[in-house]
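Raw contents of data32.csv, CSV, C-alpha atoms and all ligand atoms:
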```
chain,number,residue,atom,x,y,z
K,1028,MET,CA,173.5,173.3,58.5
K,1029,VAL,CA,172.5,172.9,62.1
K,1030,CYS,CA,169.8,175.5,61.7
K,1031,GLN,CA,168.5,173.6,58.7
K,1032,TYR,CA,168.3,170.3,60.6
K,1033,LEU,CA,166.7,171.8,63.6
K,1034,GLU,CA,164.1,173.8,61.6
K,1035,ASP,CA,161.5,171.0,61.5
K,1036,LEU,CA,162.1,169.9,65.0
K,1037,PHE,CA,160.9,172.9,67.0
K,1038,GLU,CA,157.2,171.9,67.2
K,1039,LEU,CA,158.1,168.4,68.4
K,1040,TYR,CA,160.6,169.8,70.8
K,1041,LEU,CA,158.0,172.1,72.3
K,1042,LEU,CA,155.5,169.3,72.6
K,1043,GLY,CA,158.0,167.1,74.4
K,1044,ALA,CA,157.9,164.5,71.6
K,1045,ALA,CA,161.4,164.9,70.2
K,1046,SER,CA,164.0,162.2,71.0
K,1047,PRO,CA,166.4,163.1,73.8
K,1048,ASP,CA,169.3,163.6,71.4
K,1049,ASP,CA,167.3,166.0,69.2
K,1050,ALA,CA,166.0,167.8,72.2
K,1051,ALA,CA,169.5,168.3,73.5
K,1052,ALA,CA,170.6,169.6,70.1
K,1053,VAL,CA,167.8,172.1,70.0
K,1054,GLU,CA,168.6,173.3,73.5
K,1055,SER,CA,172.3,173.8,73.0
K,1056,HIS,CA,171.7,175.6,69.7
K,1057,LEU,CA,169.1,177.9,71.2
K,1058,GLN,CA,171.4,178.6,74.1
K,1059,SER,CA,173.9,179.9,71.6
K,1060,GLY,CA,171.4,182.6,70.9
K,1061,CYS,CA,170.7,182.0,67.2
K,1062,ALA,CA,168.2,184.7,66.3
K,1063,GLY,CA,166.9,182.9,63.2
K,1064,CYS,CA,166.0,179.8,65.2
K,1065,LEU,CA,164.5,181.7,68.0
K,1066,ALA,CA,162.2,183.3,65.5
K,1067,GLN,CA,161.3,179.8,64.1
K,1068,VAL,CA,160.5,178.6,67.6
K,1069,HIS,CA,158.1,181.5,67.9
K,1070,GLU,CA,156.4,180.4,64.7
K,1071,ALA,CA,156.4,176.8,65.9
K,1072,GLY,CA,154.4,178.1,68.9
K,1073,LEU,CA,151.8,179.5,66.5
K,1074,SER,CA,151.5,176.1,64.8
K,1075,LEU,CA,151.0,174.4,68.2
K,1076,TYR,CA,148.3,176.8,69.2
K,1077,PHE,CA,146.6,176.0,66.0
K,1078,LEU,CA,146.9,172.3,66.5
K,1079,CYS,CA,145.5,172.5,70.0
K,1080,LEU,CA,142.5,174.4,69.0
K,1081,PRO,CA,139.5,172.5,70.2
K,1082,ALA,CA,137.2,170.8,67.7
K,1083,LYS,CA,134.2,172.2,69.5
K,1084,PRO,CA,133.6,173.8,72.8
K,1085,ALA,CA,131.9,171.7,75.5
K,1086,ARG,CA,129.3,172.7,78.1
K,1087,LEU,CA,130.5,173.0,81.6
K,1088,ASP,CA,128.5,172.6,84.8
K,1089,PRO,CA,128.1,176.2,86.1
K,1090,LYS,CA,128.8,175.0,89.6
K,1091,LEU,CA,132.4,174.4,88.6
K,1092,LYS,CA,133.0,178.1,88.0
K,1093,SER,CA,131.6,179.1,91.3
K,1094,ARG,CA,133.5,176.4,93.1
K,1095,LEU,CA,136.7,177.6,91.4
K,1096,LEU,CA,136.2,181.3,92.2
K,1097,HIS,CA,135.2,180.4,95.8
K,1098,HIS,CA,138.4,178.4,96.2
K,1099,LEU,CA,140.6,181.2,94.8
K,1100,ARG,CA,139.1,183.9,97.0
K,1101,LYS,CA,140.0,181.9,100.0
K,1102,LYS,CA,143.7,181.5,98.9
V,195,MET,CA,138.5,184.9,70.1
V,196,ALA,CA,137.4,188.1,68.4
V,197,VAL,CA,137.0,190.9,70.9
V,198,GLY,CA,134.8,193.7,69.8
V,199,ASP,CA,134.4,197.3,71.1
V,200,GLY,CA,133.5,197.5,74.8
V,201,VAL,CA,134.7,194.0,75.5
V,202,ALA,CA,137.8,193.9,77.7
V,203,SER,CA,140.7,192.1,76.0
V,204,SER,CA,141.9,188.9,77.6
V,205,GLU,CA,145.2,190.6,78.3
V,206,ALA,CA,143.4,193.5,80.1
V,207,LEU,CA,141.5,190.9,82.2
V,208,LEU,CA,144.7,189.2,83.0
V,209,ALA,CA,146.2,192.4,84.3
V,210,ARG,CA,143.2,192.5,86.8
V,211,VAL,CA,143.8,188.9,87.7
V,212,ALA,CA,147.3,189.8,88.6
V,213,GLU,CA,145.8,192.2,91.2
V,214,HIS,CA,143.8,189.2,92.5
V,215,ASP,CA,140.5,190.3,91.0
V,216,SER,CA,138.7,187.0,90.9
V,217,SER,CA,135.8,188.4,88.9
V,218,ALA,CA,138.3,189.0,86.0
V,219,LEU,CA,139.3,185.4,86.3
V,220,GLY,CA,135.7,184.5,86.1
V,221,GLU,CA,135.3,186.4,82.9
V,222,LEU,CA,138.3,184.6,81.4
V,223,TYR,CA,136.8,181.4,82.5
V,224,THR,CA,133.4,182.1,80.8
V,225,ARG,CA,135.3,183.0,77.7
V,226,PHE,CA,137.7,180.1,77.4
V,227,ALA,CA,136.7,177.2,79.7
V,228,PRO,CA,134.2,175.6,77.2
V,229,GLY,CA,136.8,175.5,74.4
V,230,LEU,CA,139.4,174.2,76.8
V,231,LEU,CA,137.0,171.5,78.0
V,232,GLY,CA,136.4,170.5,74.4
V,233,MET,CA,140.1,170.1,73.8
V,234,ALA,CA,140.6,168.2,77.1
V,235,LEU,CA,137.8,165.8,76.1
V,236,ASN,CA,139.8,165.0,72.9
V,237,ILE,CA,142.7,163.9,75.1
V,238,LEU,CA,141.0,162.4,78.1
V,239,PRO,CA,138.0,160.0,77.8
V,240,ASP,CA,136.0,161.1,80.9
V,241,ARG,CA,134.4,164.4,81.6
V,242,ALA,CA,135.4,164.5,85.3
V,243,SER,CA,139.1,164.4,84.4
V,244,ALA,CA,138.7,166.9,81.6
V,245,ALA,CA,136.9,169.3,83.9
V,246,GLU,CA,139.7,168.8,86.5
V,247,VAL,CA,142.2,169.8,83.8
V,248,VAL,CA,140.2,173.0,83.0
V,249,GLU,CA,140.0,173.9,86.7
V,250,GLU,CA,143.7,173.3,87.3
V,251,THR,CA,144.6,175.4,84.2
V,252,PHE,CA,142.7,178.4,85.7
V,253,VAL,CA,144.3,177.9,89.2
V,254,ARG,CA,147.7,178.0,87.5
V,255,LEU,CA,146.7,181.2,85.5
V,256,TRP,CA,145.7,182.8,88.9
V,257,ASN,CA,149.1,181.9,90.3
V,258,VAL,CA,151.3,183.0,87.3
V,259,ALA,CA,149.3,186.2,86.5
V,260,ARG,CA,151.7,188.5,88.2
V,261,ARG,CA,154.7,187.1,86.3
V,262,PHE,CA,152.9,187.1,82.9
V,263,PRO,CA,154.6,189.6,80.5
V,264,ARG,CA,152.3,192.5,79.9
V,265,ASP,CA,153.0,192.9,76.2
V,266,GLY,CA,154.0,189.5,75.0
V,267,ALA,CA,152.2,186.2,75.2
V,268,SER,CA,148.5,185.7,74.4
V,269,VAL,CA,146.4,184.5,77.3
V,270,ALA,CA,144.4,182.3,74.9
V,271,ALA,CA,147.5,180.6,73.7
V,272,TRP,CA,148.9,180.1,77.3
V,273,LEU,CA,145.6,178.6,78.4
V,274,ALA,CA,145.3,176.2,75.4
V,275,LEU,CA,148.9,175.0,75.6
V,276,THR,CA,148.9,174.7,79.4
V,277,ALA,CA,145.6,172.7,79.4
V,278,ARG,CA,146.9,170.5,76.6
V,279,ARG,CA,150.0,169.7,78.7
V,280,LEU,CA,148.0,169.0,81.8
V,281,ALA,CA,145.7,166.7,80.0
V,282,VAL,CA,148.5,164.9,78.3
V,283,ASP,CA,150.3,164.5,81.6
V,284,MET,CA,147.2,163.0,83.2
V,285,ARG,CA,146.7,160.7,80.3
V,286,ARG,CA,150.3,159.5,80.4
V,287,ALA,CA,150.3,159.0,84.2
V,288,ARG,CA,147.2,156.8,83.8
V,289,GLN,CA,149.0,154.7,81.2
V,290,ARG,CA,152.0,154.5,83.6
V,291,LEU,CA,154.2,156.3,81.0
V,292,PRO,CA,156.9,158.7,82.2
V,293,ALA,CA,156.1,162.4,82.1
V,294,LEU,CA,157.1,164.2,78.9
V,295,PRO,CA,160.3,166.3,79.3
V,296,ARG,CA,159.9,170.1,80.0
V,297,THR,CA,161.6,172.6,77.7
V,298,ASN,CA,164.4,174.2,79.7
V,299,ALA,CA,166.5,176.2,77.3
V,300,ASN,CA,167.1,179.6,78.9
V,301,GLU,CA,166.2,181.6,75.9
V,302,ILE,CA,162.9,179.8,75.7
V,303,SER,CA,161.5,181.0,78.9
V,304,GLU,CA,158.0,179.9,79.7
V,305,TYR,CA,156.4,182.6,77.7
V,306,ALA,CA,158.9,183.6,75.0
V,307,TRP,CA,157.7,181.2,72.4
V,308,LEU,CA,154.0,181.7,72.8
V,309,PRO,CA,152.2,183.6,70.1
V,310,GLY,CA,151.1,187.1,70.8
V,311,PRO,CA,147.4,188.3,71.0
V,312,GLU,CA,147.4,189.7,67.4
V,313,GLU,CA,148.7,186.5,66.0
V,314,VAL,CA,146.1,184.5,67.8
V,315,ALA,CA,143.4,186.9,66.6
V,316,ARG,CA,144.6,186.3,63.0
V,317,ILE,CA,144.3,182.6,63.5
V,318,GLU,CA,140.9,182.9,65.0
V,319,GLU,CA,139.7,185.0,62.1
V,320,ARG,CA,140.8,182.3,59.6
V,321,ARG,CA,139.9,179.3,61.7
V,322,GLU,CA,137.7,177.7,59.0
V,323,LEU,CA,140.2,178.1,56.3
V,324,LEU,CA,142.9,176.7,58.5
V,325,ARG,CA,140.8,173.6,59.3
V,326,LYS,CA,140.9,172.9,55.6
V,327,VAL,CA,144.7,173.0,55.7
V,328,LEU,CA,144.7,170.2,58.2
V,329,ASN,CA,142.6,168.1,55.9
V,330,GLN,CA,145.1,168.6,53.1
V,331,LEU,CA,147.7,166.6,55.0
V,332,PRO,CA,148.0,163.0,53.9
V,333,LYS,CA,146.0,160.8,56.3
V,334,ALA,CA,149.0,159.0,57.7
V,335,GLN,CA,150.7,162.3,58.5
V,336,ARG,CA,147.6,163.7,60.2
V,337,MET,CA,147.3,160.6,62.3
V,338,VAL,CA,150.8,160.8,63.6
V,339,LEU,CA,150.4,164.5,64.4
V,340,GLU,CA,147.3,163.6,66.4
V,341,LEU,CA,149.2,161.0,68.3
V,342,VAL,CA,151.7,163.6,69.3
V,343,VAL,CA,149.4,166.5,70.0
V,344,LEU,CA,146.4,164.7,71.5
V,345,GLU,CA,147.8,161.5,72.9
V,346,GLY,CA,151.1,163.0,74.0
V,347,CYS,CA,153.1,160.2,72.3
V,348,THR,CA,156.8,160.7,71.7
V,349,GLU,CA,158.4,159.8,68.3
V,350,GLU,CA,159.8,156.6,69.8
V,351,GLU,CA,156.4,155.5,71.2
V,352,ILE,CA,154.7,156.1,67.9
V,353,ALA,CA,157.3,154.0,66.1
V,354,ALA,CA,156.7,151.2,68.6
V,355,LYS,CA,152.9,151.6,68.4
V,356,LEU,CA,152.8,151.5,64.6
V,357,GLY,CA,155.7,149.0,64.2
V,358,GLU,CA,157.5,151.4,61.9
V,359,PRO,CA,161.2,152.4,61.9
V,360,LEU,CA,161.9,155.5,64.0
V,361,GLY,CA,163.4,157.3,61.1
V,362,ARG,CA,160.2,157.0,59.0
V,363,VAL,CA,158.0,158.2,61.9
V,364,GLN,CA,160.4,161.2,62.4
V,365,SER,CA,160.5,162.2,58.8
V,366,GLY,CA,156.7,161.9,58.5
V,367,LEU,CA,156.2,164.1,61.6
V,368,ARG,CA,158.7,166.7,60.5
V,369,ALA,CA,157.2,166.9,57.0
V,370,GLY,CA,153.7,167.3,58.6
V,371,MET,CA,154.9,170.1,60.9
V,372,ARG,CA,156.8,171.8,58.0
V,373,PHE,CA,153.7,171.7,55.8
V,374,LEU,CA,151.6,173.2,58.6
V,375,ARG,CA,154.1,175.9,59.3
V,376,HIS,CA,154.3,176.9,55.7
V,377,ARG,CA,150.6,176.9,55.2
V,378,LEU,CA,150.1,179.0,58.3
V,379,ARG,CA,152.6,181.5,57.0
V,380,ALA,CA,150.7,181.7,53.7
V,381,VAL,CA,147.3,181.9,55.3
V,382,LEU,CA,148.3,184.5,57.9
V,383,GLY,CA,150.4,186.4,55.4
V,384,THR,CA,153.5,186.5,57.5
V,385,TRP,CA,156.9,185.0,56.9
V,386,SER,CA,158.4,185.6,60.2
V,387,ALA,CA,156.4,186.4,63.3
V,388,ASN,CA,157.6,189.5,65.1
V,389,ILE,CA,159.5,188.7,68.2
K,1201,ZN,ZN,170.0,178.5,64.2
```
Can the structure from this file be put into structure tokens for me?
Amino acid sequence: MVCQYLEDLFELYLLGAASPDDAAAVESHLQSGCAGCLAQVHEAGLSLYFLCLPAKPARLDPKLKSRLLHHLRKK
Amino acid sequence: MAVGDGVASSEALLARVAEHDSSALGELYTRFAPGLLGMALNILPDRASAAEVVEETFVRLWNVARRFPRDGASVAAWLALTARRLAVDMRRARQRLPALPRTNANEISEYAWLPGPEEVARIEERRELLRKVLNQLPKAQRMVLELVVLEGCTEEEIAAKLGEPLGRVQSGLRAGMRFLRHRLRAVLGTWSANI
């Protein structure tokens, strides 16, 4: 029953969009170690990756890359 | 991203980043930064902010590289979801909205729920087909999904924005996510991802 209710919530939970009550329900259930739901969370991650895929790549100023690498080498 | 023979996988490059090899980070940047910028521009209106998000994403990758599990999460997925979160955080801060909550269940450590490299490769191979899947969603459902993913709205904020009851927004979003998950399974030919 709980698993069935939570099933459609995992993407919204991972996105931070679920209501506080629902987010708490997801967390306490996952902390109980339900293997089926952990597998579903993993699938939800796949959906999210797909949803975040950029419409199209954009051109970056090449200076940004050299600035970043310069900054990291100094760290 | 399809990686052919003779091209280092992103995960192999990340192993070098973990050893503080900045040229490996540069290769990852060349590979992914344009796509990440395209996504950030969908979330943030101005190029300077979107470019800042991309830069911060790679600084974070540099910092977490040593902790990144060697045979688990896809680097492409980590980059996409981290950049999305940073862009949404920036967008919300500008609108003076509170930051979205972080996931903090122990079992869902930072990386456990990210797809693996093979799964991401399968998605990339079928990207065009999957785009059609999104278009099969009813317009209203697609719009609320975009409000969540690209604008970083919560269910409650969407209900207020659209002047609709929370319950209706919630059931629309859940139906949209369920549809998407089922179609992804069908297209990718998996019922349960290996964990
Ligand atoms: Zn369960």
- Item | Near-ligand residues for ligand ZN 1201 (chain K), threshold 9 Å, all atoms listed in the file, as a ChimeraX atom specification | /K:1028-1031,1033-1034,1053,1056-1057,1059-1065,1067
Taking a cut-off of 6 Å and counting all atoms listed in the file, can you build a table that, for each residue of chain K near chain V, reports the nearest atom pair and how far apart they are in Å (one decimal), sorted by chain then residue number, as a Markdown table?
```
| residue | atom | partner | partner_atom | distance |
| --- | --- | --- | --- | --- |
| K:Asp1035 | CA | V:Arg368 | CA | 5.2 |
| K:Gly1043 | CA | V:Leu294 | CA | 5.4 |
| K:Ala1044 | CA | V:Thr348 | CA | 4.0 |
| K:Glu1054 | CA | V:Ala299 | CA | 5.2 |
| K:His1069 | CA | V:Trp307 | CA | 4.5 |
| K:Gly1072 | CA | V:Leu308 | CA | 5.3 |
| K:Leu1073 | CA | V:Pro309 | CA | 5.5 |
| K:Tyr1076 | CA | V:Ala271 | CA | 5.9 |
| K:Pro1081 | CA | V:Met233 | CA | 4.4 |
| K:Lys1083 | CA | V:Gly232 | CA | 5.6 |
| K:Pro1084 | CA | V:Gly229 | CA | 4.0 |
| K:Ala1085 | CA | V:Gly232 | CA | 4.8 |
| K:Arg1086 | CA | V:Pro228 | CA | 5.8 |
```
- When you draw a straight line from atom CA of V:Ser204 to atom CA of V:Met284, how long is it in Å?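 Separating atom CA of V:Ser204 from atom CA of V:Met284 is a distance of 27.0 Å.
Straight-line separation from atom CA of K:Ser1093 to atom CA of V:Ala242: 16.2 Å.
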- Atom-to-atom span, atom CA of V:Asn329 and atom CA of K:Ala1045, Å: 23.8 Å
- Task: Pick out the closest residue to V:Leu323 from this set: V:Arg288, V:Val381, V:Tyr305, V:Leu356. Count all atoms listed in the file.
- Result: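 The answer is V:Val381, which sits nearest to V:Leu323.
The shortest atom-to-atom distance to V:Val282, with all atoms listed in the file taken into account, belongs to K:Cys1079 out of K:Ala1051, K:Ala1066, K:Leu1036, K:Cys1079.
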